[in-house]
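Here is the file upload_1.tsv (TSV, C-alpha atoms).
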```
chain	number	residue	atom	x	y	z
A	299	MET	CA	0.00	0.00	0.00
A	300	MET	CA	1.40	3.38	-0.98
A	301	ASP	CA	1.67	6.11	1.63
A	302	ASP	CA	-0.62	9.06	0.80
A	303	GLN	CA	1.71	11.51	2.49
A	304	GLU	CA	3.66	13.89	0.27
A	305	PRO	CA	7.12	12.34	-0.25
A	306	GLU	CA	10.22	14.34	0.42
A	307	ALA	CA	11.96	15.59	-2.70
A	308	PRO	CA	15.01	13.43	-3.48
A	309	CYS	CA	18.42	15.00	-3.41
A	310	ALA	CA	19.50	15.87	-6.94
A	311	ALA	CA	22.95	14.92	-8.19
A	312	HIS	CA	24.99	17.55	-9.97
A	313	VAL	CA	26.99	16.97	-13.14
A	314	ALA	CA	30.27	17.15	-11.25
A	315	GLU	CA	29.03	14.47	-8.87
A	316	LEU	CA	28.05	12.20	-11.72
A	317	ASP	CA	31.52	12.48	-13.17
A	318	THR	CA	32.97	11.24	-9.89
A	319	LEU	CA	30.42	8.42	-9.54
A	320	TYR	CA	30.86	6.95	-13.01
A	321	PRO	CA	34.04	6.26	-14.98
A	322	PRO	CA	34.25	7.62	-18.54
A	323	PRO	CA	33.01	5.30	-21.30
A	324	ALA	CA	35.53	3.09	-23.04
A	325	GLU	CA	37.10	4.62	-26.14
A	326	LEU	CA	35.59	1.84	-28.25
A	327	ILE	CA	32.07	2.97	-27.29
A	328	GLY	CA	32.59	6.36	-28.88
A	329	LYS	CA	34.07	4.84	-32.01
A	330	ALA	CA	31.04	2.60	-32.45
A	331	ILE	CA	28.62	5.54	-32.70
A	332	THR	CA	27.87	6.55	-36.29
A	333	ASP	CA	25.77	9.19	-38.02
A	334	HIS	CA	24.62	6.76	-40.73
A	335	LEU	CA	23.51	3.17	-41.17
A	336	THR	CA	26.29	0.65	-41.65
A	337	ASP	CA	25.88	-2.87	-43.01
A	338	PHE	CA	25.63	-4.07	-39.39
A	339	HIS	CA	22.70	-1.75	-38.67
A	340	LEU	CA	20.98	-2.79	-41.89
A	341	ALA	CA	21.29	-6.47	-40.96
A	342	TYR	CA	19.58	-5.83	-37.62
A	343	LEU	CA	16.87	-3.68	-39.21
A	344	LYS	CA	15.98	-6.56	-41.53
A	345	VAL	CA	15.03	-8.74	-38.54
A	346	ALA	CA	13.64	-5.98	-36.29
A	347	THR	CA	10.03	-6.52	-35.20
A	348	PHE	CA	9.65	-4.18	-32.21
A	349	PHE	CA	10.89	-0.77	-31.14
A	350	CYS	CA	9.85	2.21	-29.04
A	351	LEU	CA	9.60	5.72	-30.45
A	352	ALA	CA	10.18	8.80	-28.27
A	353	THR	CA	9.03	12.26	-29.32
A	354	VAL	CA	9.04	15.68	-27.69
A	355	SER	CA	6.80	18.73	-27.64
A	356	GLU	CA	6.27	21.89	-25.61
A	357	LYS	CA	4.04	19.87	-23.27
A	358	GLY	CA	6.67	17.25	-22.59
A	359	LEU	CA	7.85	13.85	-23.77
A	360	ASP	CA	5.99	10.84	-25.15
A	361	VAL	CA	7.01	7.30	-25.98
A	362	SER	CA	5.03	4.71	-27.90
A	363	PRO	CA	5.61	1.05	-28.86
A	364	ARG	CA	5.79	0.07	-32.51
A	365	GLY	CA	5.83	-3.39	-34.04
A	366	GLY	CA	5.34	-5.47	-37.13
A	367	PRO	CA	6.80	-8.36	-39.10
A	368	ALA	CA	10.55	-8.58	-39.63
A	369	GLY	CA	11.66	-5.72	-41.85
A	370	CYS	CA	8.77	-3.45	-40.95
A	371	VAL	CA	11.29	-0.60	-40.65
A	372	HIS	CA	12.65	0.15	-44.11
A	373	ALA	CA	16.08	1.62	-44.82
A	374	LEU	CA	15.53	4.10	-47.64
A	375	ASP	CA	19.26	4.77	-47.80
A	376	ARG	CA	22.19	5.08	-45.37
A	377	LYS	CA	20.68	8.18	-43.74
A	378	ARG	CA	16.92	7.51	-43.70
A	379	ILE	CA	14.55	4.90	-42.34
A	380	ALA	CA	10.78	4.75	-42.75
A	381	PHE	CA	7.90	2.81	-41.27
A	382	ALA	CA	4.13	2.74	-41.52
A	383	ASP	CA	1.81	4.14	-38.89
A	384	TRP	CA	-0.83	1.55	-38.04
A	385	PRO	CA	-4.01	1.92	-35.95
A	386	GLY	CA	-3.59	2.49	-32.21
A	387	ASN	CA	-5.63	4.52	-29.77
A	388	ASN	CA	-5.95	7.41	-32.29
A	389	ARG	CA	-4.40	9.96	-29.95
A	390	ILE	CA	-1.57	10.20	-32.56
A	391	GLU	CA	0.56	12.07	-30.03
A	392	SER	CA	3.81	11.08	-31.72
A	393	MET	CA	2.74	12.62	-35.02
A	394	ARG	CA	1.34	15.73	-33.37
A	395	ASN	CA	4.61	16.17	-31.50
A	396	ILE	CA	6.68	15.81	-34.65
A	397	GLN	CA	4.73	18.60	-36.29
A	398	SER	CA	6.12	21.01	-33.69
A	399	ASP	CA	9.46	19.37	-32.83
A	400	ASP	CA	11.02	16.88	-35.23
A	401	ARG	CA	13.51	15.35	-32.77
A	402	VAL	CA	12.95	11.62	-32.21
A	403	ALA	CA	14.69	8.70	-30.54
A	404	THR	CA	14.14	4.97	-31.06
A	405	ILE	CA	15.30	1.82	-29.33
A	406	PHE	CA	14.97	-1.55	-31.02
A	407	ILE	CA	14.50	-4.70	-28.94
A	408	PHE	CA	15.33	-8.07	-30.48
A	409	PRO	CA	13.55	-11.08	-28.91
A	410	GLY	CA	16.06	-13.59	-27.60
A	411	LEU	CA	19.10	-11.35	-28.16
A	412	GLU	CA	21.18	-9.50	-25.58
A	413	ILE	CA	21.62	-6.34	-27.61
A	414	PHE	CA	19.62	-3.20	-28.40
A	415	MET	CA	19.97	-0.73	-31.24
A	416	ARG	CA	19.26	2.99	-30.84
A	417	ILE	CA	18.60	5.35	-33.74
A	418	ASN	CA	18.16	9.07	-33.03
A	419	GLY	CA	17.43	11.78	-35.51
A	420	ARG	CA	14.87	14.09	-37.09
A	421	SER	CA	11.51	12.93	-38.35
A	422	MET	CA	8.72	13.89	-40.72
A	423	ILE	CA	5.27	12.51	-41.52
A	424	SER	CA	4.72	11.55	-45.16
A	425	VAL	CA	1.61	10.82	-47.19
A	426	ASP	CA	3.57	10.20	-50.38
A	427	PRO	CA	1.74	7.39	-52.24
A	428	ALA	CA	4.94	5.72	-53.43
A	429	LEU	CA	6.37	5.60	-49.92
A	430	LEU	CA	3.10	4.34	-48.46
A	431	ARG	CA	3.15	1.48	-50.94
A	432	GLN	CA	6.77	0.73	-50.03
A	433	VAL	CA	6.02	0.39	-46.30
A	434	ALA	CA	2.70	-1.42	-46.81
A	435	GLU	CA	2.16	-4.87	-45.39
A	436	GLY	CA	0.60	-7.05	-48.04
A	437	ASN	CA	-2.38	-5.19	-49.47
A	438	ARG	CA	-2.69	-3.00	-46.38
A	439	ILE	CA	-1.70	0.60	-47.14
A	440	PRO	CA	-1.15	2.91	-44.13
A	441	ARG	CA	-2.60	6.41	-43.92
A	442	THR	CA	0.83	7.86	-43.18
A	443	ALA	CA	4.47	6.87	-42.90
A	444	MET	CA	7.18	8.24	-40.68
A	445	VAL	CA	10.61	9.04	-42.11
A	446	ILE	CA	13.58	9.49	-39.78
A	447	THR	CA	16.79	11.14	-40.93
A	448	VAL	CA	19.54	9.44	-38.95
A	449	GLU	CA	21.80	11.56	-36.75
A	450	GLU	CA	23.13	8.91	-34.38
A	451	VAL	CA	23.15	5.11	-34.33
A	452	ILE	CA	24.54	3.02	-31.51
A	453	PHE	CA	24.34	-0.59	-30.39
A	454	HIS	CA	23.48	-0.86	-26.70
A	455	CYS	CA	24.46	-3.70	-24.38
A	456	GLY	CA	21.76	-6.12	-23.18
A	457	ARG	CA	22.44	-6.10	-19.44
A	458	ALA	CA	18.93	-4.78	-18.82
A	459	VAL	CA	17.48	-7.83	-20.59
A	460	ASN	CA	19.37	-10.14	-18.27
A	461	ARG	CA	18.60	-8.14	-15.14
A	462	ALA	CA	14.90	-8.34	-16.07
A	463	ARG	CA	15.27	-12.00	-17.16
A	464	LEU	CA	13.15	-10.85	-20.07
A	465	TRP	CA	13.59	-13.88	-22.28
A	466	GLU	CA	13.26	-16.46	-19.48
A	467	PRO	CA	10.04	-18.51	-19.81
A	468	ASP	CA	9.32	-18.33	-16.08
A	469	SER	CA	9.43	-14.52	-16.23
A	470	ARG	CA	6.13	-14.40	-18.09
A	471	ILE	CA	3.47	-12.68	-15.98
A	472	ASP	CA	0.23	-14.47	-15.22
A	473	ARG	CA	-2.35	-12.04	-16.61
A	474	ARG	CA	-4.80	-13.15	-13.91
A	475	SER	CA	-2.49	-11.71	-11.24
A	476	LEU	CA	-3.23	-8.12	-12.33
A	477	PRO	CA	-6.38	-6.10	-13.08
A	478	SER	CA	-7.63	-6.80	-16.59
A	479	ALA	CA	-8.07	-4.18	-19.31
A	480	GLY	CA	-11.84	-4.39	-18.84
A	481	GLN	CA	-11.66	-3.88	-15.09
A	482	MET	CA	-9.39	-0.87	-15.49
A	483	MET	CA	-11.54	0.71	-18.22
A	484	ILE	CA	-14.66	0.40	-16.07
A	485	ALA	CA	-12.95	1.95	-13.04
A	486	LEU	CA	-11.11	4.74	-14.88
A	487	GLY	CA	-13.98	5.55	-17.22
A	488	LYS	CA	-16.63	5.23	-14.48
A	489	LEU	CA	-18.68	2.90	-16.71
A	490	SER	CA	-21.84	1.20	-15.49
A	491	ASP	CA	-23.53	-0.09	-18.65
A	492	VAL	CA	-21.03	-2.80	-19.56
A	493	THR	CA	-19.24	-5.65	-17.80
A	494	ALA	CA	-15.52	-6.19	-17.42
A	495	ASP	CA	-15.86	-9.58	-19.13
A	496	ASP	CA	-17.47	-7.97	-22.18
A	497	LEU	CA	-14.74	-5.33	-22.40
A	498	ASP	CA	-12.03	-7.95	-21.94
A	499	ALA	CA	-13.48	-10.02	-24.77
A	500	HIS	CA	-13.63	-6.95	-27.02
A	501	TYR	CA	-10.06	-5.99	-26.05
A	502	ASP	CA	-8.66	-9.48	-26.66
A	503	HIS	CA	-10.35	-9.66	-30.06
A	504	GLY	CA	-8.99	-6.27	-31.05
A	505	MET	CA	-5.44	-7.09	-29.94
A	506	LYS	CA	-5.41	-10.22	-32.09
A	507	ASN	CA	-7.54	-9.30	-35.08
A	508	ASP	CA	-7.71	-5.54	-35.58
A	509	LEU	CA	-3.99	-5.01	-36.17
A	510	TYR	CA	-4.32	-2.94	-39.33
```
Whole structure, structure tokens version:
Amino acid sequence: MMDDQEPEAPCAAHVAELDTLYPPPAELIGKAITDHLTDFHLAYLKVATFFCLATVSEKGLDVSPRGGPAGCVHALDRKRIAFADWPGNNRIESMRNIQSDDRVATIFIFPGLEIFMRINGRSMISVDPALLRQVAEGNRIPRTAMVITVEEVIFHCGRAVNRARLWEPDSRIDRRSLPSAGQMMIALGKLSDVTADDLDAHYDHGMKNDLY
């Protein structure tokens, strides 16, 4: 149970303190950062199925998950990647943010692997028909596509994966141990004309069938 009392503000560390707490990165780390896609990055992009996209606006930061079949992120050339925008909750915060501030950051997670890939850069929203056809999945054409001009690419170690035991079978969470989507929607939306079971069934169907 969380304490309702106002917590004391934590003591903030200053830059000088951080420099004494952490050693400088190895020289090799800096050499591995590039401002373009190498053959190594392209190989990982071809198998990438999931990443998170961070955007920024005057109101603050936002991050959203993105996923698709292997190769859903397309390398247009050594400096640009593109991917389709598929249906979500229709808040389209990422796209709204990019209209006012084009800075973006991504981190790619590879199931079963102990490595991440980060791509940072500047983004734009495109409705170009040729590009939309290029990032389509089968006969499904997206409404928009996002194009990122690469400014920084870096491979990131997978210690976090191992600390979280993310790929271990016994780390899977029993969904019955937490409130369901239906239960939360009823409580947060103050709904009284529908049951949690009905909402859960609708949610489960949508998560599996209404992907595009």
Please, which residues are within 6 Å of (14.9, -14.0, -22.7) by the file's coordinates, counting only C-alpha atoms, and could they come as a list in words?
-> Gly410, Arg463, Leu464, Trp465 and Glu466 of chain A
Proximity to Thr404 (chain A) - best of A:His503, A:His312, A:His454, A:Arg441, all atoms listed in the file =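 Smallest separation from Thr404 (chain A) among the options: A:His454.
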One decimal place gives the CA of Arg431 (chain A)-CA of Ile452 (chain A) separation as 28.9 Å
Separation of CA of Arg438 (chain A) and CA of Ser421 (chain A), in Å?
->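 Result for CA of Arg438 (chain A) versus CA of Ser421 (chain A): 22.8 Å, one decimal.
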Provide the CA of Ala380 (chain A) to CA of Gly358 (chain A) distance in Å, to one decimal place.
->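 Between these atoms lies a distance of 24.1 Å.
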